[in-house]
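Peer 1: This is the content of protein09.cif (mmCIF, C-alpha atoms):
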data_entry
loop_
_atom_site.group_PDB
_atom_site.id
_atom_site.type_symbol
_atom_site.label_atom_id
_atom_site.label_comp_id
_atom_site.auth_asym_id
_atom_site.auth_seq_id
_atom_site.Cartn_x
_atom_site.Cartn_y
_atom_site.Cartn_z
ATOM 1 C CA MET V 75 120.012 -63.672 34.552
ATOM 2 C CA MET V 76 121.954 -61.832 37.238
ATOM 3 C CA HIS V 77 125.497 -60.718 36.373
ATOM 4 C CA VAL V 78 128.028 -61.532 39.105
ATOM 5 C CA SER V 79 131.091 -59.352 39.377
ATOM 6 C CA LYS V 80 134.096 -61.203 40.780
ATOM 7 C CA MET V 81 136.903 -59.559 42.663
ATOM 8 C CA ILE V 82 139.513 -60.512 45.225
ATOM 9 C CA VAL V 83 139.742 -58.478 48.425
ATOM 10 C CA VAL V 84 142.953 -58.395 50.460
ATOM 11 C CA ARG V 85 143.204 -56.512 53.762
ATOM 12 C CA ARG V 86 146.406 -55.513 55.545
ATOM 13 C CA GLU V 87 147.343 -52.884 58.140
ATOM 14 C CA TYR V 88 150.084 -50.286 58.064
ATOM 15 C CA ARG V 89 150.861 -48.999 61.573
ATOM 16 C CA GLY V 90 147.277 -49.571 62.644
ATOM 17 C CA GLN V 91 145.795 -48.038 59.490
ATOM 18 C CA PRO V 92 143.776 -50.545 57.417
ATOM 19 C CA LEU V 93 144.279 -50.899 53.682
ATOM 20 C CA VAL V 94 141.954 -52.771 51.351
ATOM 21 C CA VAL V 95 143.153 -53.916 47.924
ATOM 22 C CA LEU V 96 140.541 -54.978 45.369
ATOM 23 C CA VAL V 97 141.714 -57.104 42.449
ATOM 24 C CA ARG V 98 139.272 -56.931 39.572
ATOM 25 C CA ASN V 99 139.916 -58.005 35.995
ATOM 26 C CA GLY V 100 143.488 -58.708 36.972
ATOM 27 C CA ARG V 101 144.187 -55.179 38.230
ATOM 28 C CA PRO V 102 144.740 -54.195 41.860
ATOM 29 C CA TRP V 103 142.930 -51.074 43.088
ATOM 30 C CA PHE V 104 143.846 -49.483 46.416
ATOM 31 C CA ASP V 105 141.524 -47.781 48.913
ATOM 32 C CA PHE V 106 142.738 -44.223 48.313
ATOM 33 C CA LYS V 107 141.388 -42.771 51.566
ATOM 34 C CA ALA V 108 143.298 -45.367 53.592
ATOM 35 C CA VAL V 109 146.486 -44.623 51.664
ATOM 36 C CA CYS V 110 146.066 -40.884 52.249
ATOM 37 C CA GLN V 111 145.423 -41.343 55.966
ATOM 38 C CA ALA V 112 148.473 -43.581 56.343
ATOM 39 C CA ILE V 113 150.815 -41.060 54.695
ATOM 40 C CA GLY V 114 149.303 -37.969 56.349
ATOM 41 C CA VAL V 115 147.281 -36.464 53.496
ATOM 42 C CA LYS V 116 144.253 -34.611 54.899
ATOM 43 C CA ASP V 117 142.483 -33.547 51.675
ATOM 44 C CA VAL V 118 141.653 -36.896 50.077
ATOM 45 C CA GLU V 119 139.240 -35.445 47.475
ATOM 46 C CA GLY V 120 141.784 -32.777 46.490
ATOM 47 C CA GLU V 121 144.559 -35.339 46.119
ATOM 48 C CA ALA V 122 142.264 -37.540 44.026
ATOM 49 C CA ALA V 123 141.483 -34.576 41.766
ATOM 50 C CA LEU V 124 145.221 -34.086 41.196
ATOM 51 C CA LEU V 125 145.555 -37.684 40.013
ATOM 52 C CA GLY V 126 142.646 -37.425 37.575
ATOM 53 C CA ASP V 127 140.093 -39.889 36.268
ATOM 54 C CA GLY V 128 142.689 -42.188 34.735
ATOM 55 C CA HIS V 129 144.005 -43.170 38.143
ATOM 56 C CA VAL V 130 141.057 -42.883 40.529
ATOM 57 C CA THR V 131 137.459 -43.979 40.388
ATOM 58 C CA CYS V 132 134.656 -43.481 42.897
ATOM 59 C CA VAL V 133 132.157 -46.060 44.073
ATOM 60 C CA ASP V 134 129.145 -45.035 46.176
ATOM 61 C CA THR V 135 127.748 -47.524 48.670
ATOM 62 C CA TYR V 136 124.433 -47.056 50.449
ATOM 63 C CA ASP V 137 123.779 -48.066 54.060
ATOM 64 C CA GLU V 138 120.437 -49.224 55.428
ATOM 65 C CA ASP V 139 119.813 -45.802 56.969
ATOM 66 C CA GLY V 140 120.141 -44.175 53.542
ATOM 67 C CA SER V 141 123.577 -42.676 54.131
ATOM 68 C CA VAL V 142 126.067 -42.732 51.291
ATOM 69 C CA ASN V 143 129.706 -43.785 51.626
ATOM 70 C CA ARG V 144 132.054 -42.858 48.830
ATOM 71 C CA ILE V 145 134.978 -45.192 48.252
ATOM 72 C CA ILE V 146 137.782 -43.824 46.103
ATOM 73 C CA LYS V 147 139.809 -46.558 44.399
ATOM 74 C CA CYS V 148 143.296 -45.784 43.126
ATOM 75 C CA SER V 149 145.239 -47.601 40.408
ATOM 76 C CA VAL V 150 148.793 -48.854 40.851
ATOM 77 C CA GLU V 151 150.068 -46.004 38.689
ATOM 78 C CA GLY V 152 148.129 -43.453 40.736
ATOM 79 C CA LEU V 153 149.496 -44.946 43.927
ATOM 80 C CA ASP V 154 153.010 -44.601 42.545
ATOM 81 C CA VAL V 155 152.411 -40.910 41.741
ATOM 82 C CA ILE V 156 151.077 -39.950 45.170
ATOM 83 C CA LEU V 157 153.708 -41.923 47.072
ATOM 84 C CA ASP V 158 156.492 -40.270 45.085
ATOM 85 C CA ARG V 159 154.944 -36.804 45.443
ATOM 86 C CA ARG V 160 154.573 -37.281 49.210
ATOM 87 C CA GLN V 161 157.992 -38.971 49.535
ATOM 88 C CA ALA V 162 156.341 -41.931 51.262
ATOM 89 C CA SER V 163 159.127 -44.432 50.626
ATOM 90 C CA ALA V 164 158.420 -46.497 53.766
ATOM 91 C CA TYR V 165 154.799 -46.977 52.733
ATOM 92 C CA LYS V 166 155.855 -47.834 49.175
ATOM 93 C CA ALA V 167 158.283 -50.472 50.461
ATOM 94 C CA TRP V 168 155.494 -51.910 52.662
ATOM 95 C CA VAL V 169 153.174 -52.186 49.642
ATOM 96 C CA ILE V 170 155.870 -54.074 47.731
ATOM 97 C CA ASP V 171 157.147 -56.248 50.592
ATOM 98 C CA VAL V 172 153.886 -57.042 52.424
ATOM 99 C CA VAL V 173 150.763 -56.142 50.463
ATOM 100 C CA MET V 174 151.564 -57.466 47.004
ATOM 101 C CA PRO V 175 152.853 -60.858 48.230
ATOM 102 C CA ALA V 176 149.551 -61.150 50.145
ATOM 103 C CA VAL V 177 147.628 -60.300 46.962
ATOM 104 C CA HIS V 178 149.520 -62.950 45.017
ATOM 105 C CA HIS V 179 149.025 -65.531 47.749
ATOM 106 C CA ALA V 180 145.280 -64.795 47.717
ATOM 107 C CA ILE V 181 145.147 -65.150 43.940
ATOM 108 C CA ARG V 182 146.974 -68.486 44.010
ATOM 109 C CA THR V 183 144.741 -69.785 46.820
ATOM 110 C CA ILE V 184 141.576 -68.788 44.963
ATOM 111 C CA ILE V 185 142.746 -70.392 41.727
ATOM 112 C CA ARG V 186 143.598 -73.592 43.626
ATOM 113 C CA LYS V 187 140.245 -73.717 45.442
ATOM 114 C CA HIS V 188 138.123 -72.355 42.593
ATOM 115 C CA PRO V 189 139.629 -73.433 39.252
ATOM 116 C CA GLU V 190 136.746 -71.756 37.416
ATOM 117 C CA ALA V 191 138.164 -68.429 38.603
ATOM 118 C CA ALA V 192 141.470 -68.992 36.799
ATOM 119 C CA ALA V 193 140.459 -66.525 34.104
ATOM 120 C CA LEU V 194 139.854 -63.822 36.723
ATOM 121 C CA PRO V 195 143.379 -62.671 37.605
ATOM 122 C CA PRO V 196 145.889 -62.355 34.759
ATOM 123 C CA VAL V 197 148.029 -60.430 37.260
ATOM 124 C CA ALA V 198 148.955 -63.837 38.721
ATOM 125 C CA GLU V 199 150.970 -64.586 35.588
ATOM 126 C CA GLY V 200 153.495 -61.826 36.157
ATOM 127 C CA VAL V 201 154.141 -58.823 38.330
ATOM 128 C CA ASP V 202 156.969 -57.026 36.568
ATOM 129 C CA TRP V 203 154.675 -54.194 35.439
ATOM 130 C CA LEU V 204 153.570 -53.669 39.055
ATOM 131 C CA ILE V 205 157.056 -53.631 40.519
ATOM 132 C CA ASP V 206 158.252 -51.287 37.771
ATOM 133 C CA ALA V 207 155.330 -48.952 38.440
ATOM 134 C CA LEU V 208 155.942 -48.863 42.176
ATOM 135 C CA ASP V 209 159.697 -48.724 42.458
ATOM 136 C CA ALA V 210 162.147 -49.747 39.730
ATOM 137 C CA GLY V 211 165.046 -49.644 42.181
ATOM 138 C CA HIS V 212 163.529 -52.157 44.595
ATOM 139 C CA ALA V 213 165.069 -55.311 43.076
ATOM 140 C CA GLU V 214 164.896 -57.879 45.871
ATOM 141 C CA PRO V 215 161.067 -57.974 46.239
ATOM 142 C CA ALA V 216 160.787 -58.072 42.433
ATOM 143 C CA VAL V 217 162.690 -61.360 42.436
ATOM 144 C CA THR V 218 160.607 -62.707 45.322
ATOM 145 C CA LEU V 219 157.311 -61.784 43.676
ATOM 146 C CA GLY V 220 158.511 -63.126 40.344
ATOM 147 C CA CYS V 221 158.895 -66.521 41.966
ATOM 148 C CA LEU V 222 155.315 -66.390 43.250
ATOM 149 C CA ALA V 223 153.842 -65.931 39.807
#
I'd like the structure from this file rewritten - as structure tokens, please.
Peer 2:
Amino acid sequence: MMHVSKMIVVRREYRGQPLVVLVRNGRPWFDFKAVCQAIGVKDVEGEAALLGDGHVTCVDTYDEDGSVNRIIKCSVEGLDVILDRRQASAYKAWVIDVVMPAVHHAIRTIIRKHPEAAALPPVAEGVDWLIDALDAGHAEPAVTLGCLA
């Protein structure tokens, strides 16, 4: 029997730069290369090495022509570290104000349309850990997102 891996994909753009968020097992993972490009980091691999294996993971995808594309996924905690280190407060506020409400809307829509997926995203039950990880001083979006859960 084939094992099916379920995840939610949410796409948004920051000043023309695309960002993909994958929600798997209730945890959001961010496309690290897109984050780095948006905040002006040139050495994506080097920045990923600074974060370490606990915060980034690589996925290789293969195209029909045999070429390999490496996707680096970054955890919420890793995202928090790089955004603080790079003083990217505008990008951090965008993640909180735009991206995470979109993630929560997607989760709620999927649960409504596919009740069997209700076990997929425990993140839908509460987002305090996410808001705390991203920016403890950003109270207004925390209240807004709390109402979505």
Peer 1: May I ask which of the residues V:Asp105, V:Glu119, V:Val150, V:Gln111 is the closest one to Arg89 in chain V, counting only C-alpha atoms?
Peer 2: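 Result for the nearest residue to Arg89 in chain V: V:Gln111.
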Peer 1: So that I can check the surroundings of range 155-160 of chain V, please list as a PyMOL selection string every protein, DNA and RNA residue that reaches within 12 Å of it, counting all atoms listed in the file and ignoring chain neighbours fewer than 2 positions away.
Peer 2: chain V and resi 106-107+109-110+112-115+118+120-126+129-130+148-153+162-169+207-209
Peer 1: Counting only C-alpha atoms, figure out which residue out of V:Gln161, V:Lys147, V:Val83, V:Ile184 gets nearest to Thr131 in chain V.
Peer 2: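 Answer, going by the shortest atom-to-atom distance: V:Lys147.
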Peer 1: Using the chain letters and numbers from the file, give me the residues hit by the PyMOL selection byres ((chain V and resi 95) around 6), as a PyMOL selection string.
Peer 2: chain V and resi 83-84+94+96+103-104
Peer 1: Report, as JSON, the centre and edge lengths in Å (one decimal) of the axis-aligned box enclosing every listed atom of range 85-93 of chain V, padded by 4 Å on each side.
Peer 2:
{"center_x": 147.0, "center_y": -52.3, "center_z": 58.2, "size_x": 15.7, "size_y": 16.5, "size_z": 17.0}
Peer 1: Just give me the gap between CA of Ile82 in chain V and CA of Val97 in chain V in Å, one decimal is fine.
Peer 2: 4.9 Å
Peer 1: Between CA of Arg85 in chain V and CA of Met174 in chain V, measure the distance and give it in Å to one decimal.
Peer 2: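 Distance between the two atoms: 10.8 Å.
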Peer 1: Which residue out of V:Arg101, V:Gly128, V:Ala108, V:Ile181 has the minimum interatomic distance to Ile146 in chain V when all atoms listed in the file are used?
Peer 2: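 Distance minimum relative to Ile146 in chain V lands on V:Ala108.
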Peer 1: In terms of the shortest atom-to-atom distance over only C-alpha atoms, which of V:Lys116, V:Ser141, V:Thr135, V:Arg98 is closest to Val177 in chain V?
Peer 2: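 Smallest distance to Val177 in chain V is found for V:Arg98.
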Peer 1: What is the CA of Met81 in chain V-CA of His178 in chain V distance in Å, reported with one decimal?
Peer 2: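 Value for the CA of Met81 in chain V-CA of His178 in chain V distance: 13.3 Å.
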Peer 1: Taking the file as shown, what set of residues would the PyMOL selection byres ((chain V and resi 134) around 6) give back, as a ChimeraX atom specification?
Peer 2: /V:133,135,143-144
Peer 1: Produce a file of the selected residues containing C-alpha atoms, as a short mmCIF file (atom, residue, chain, number, x, y, z; two decimals), keeping the file's coordinate frame.
Peer 2:
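Output below, filename result.cif:
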data_model
loop_
_atom_site.label_atom_id
_atom_site.label_comp_id
_atom_site.auth_asym_id
_atom_site.auth_seq_id
_atom_site.Cartn_x
_atom_site.Cartn_y
_atom_site.Cartn_z
CA VAL V 133 132.16 -46.06 44.07
CA THR V 135 127.75 -47.52 48.67
CA ASN V 143 129.71 -43.78 51.63
CA ARG V 144 132.05 -42.86 48.83
#
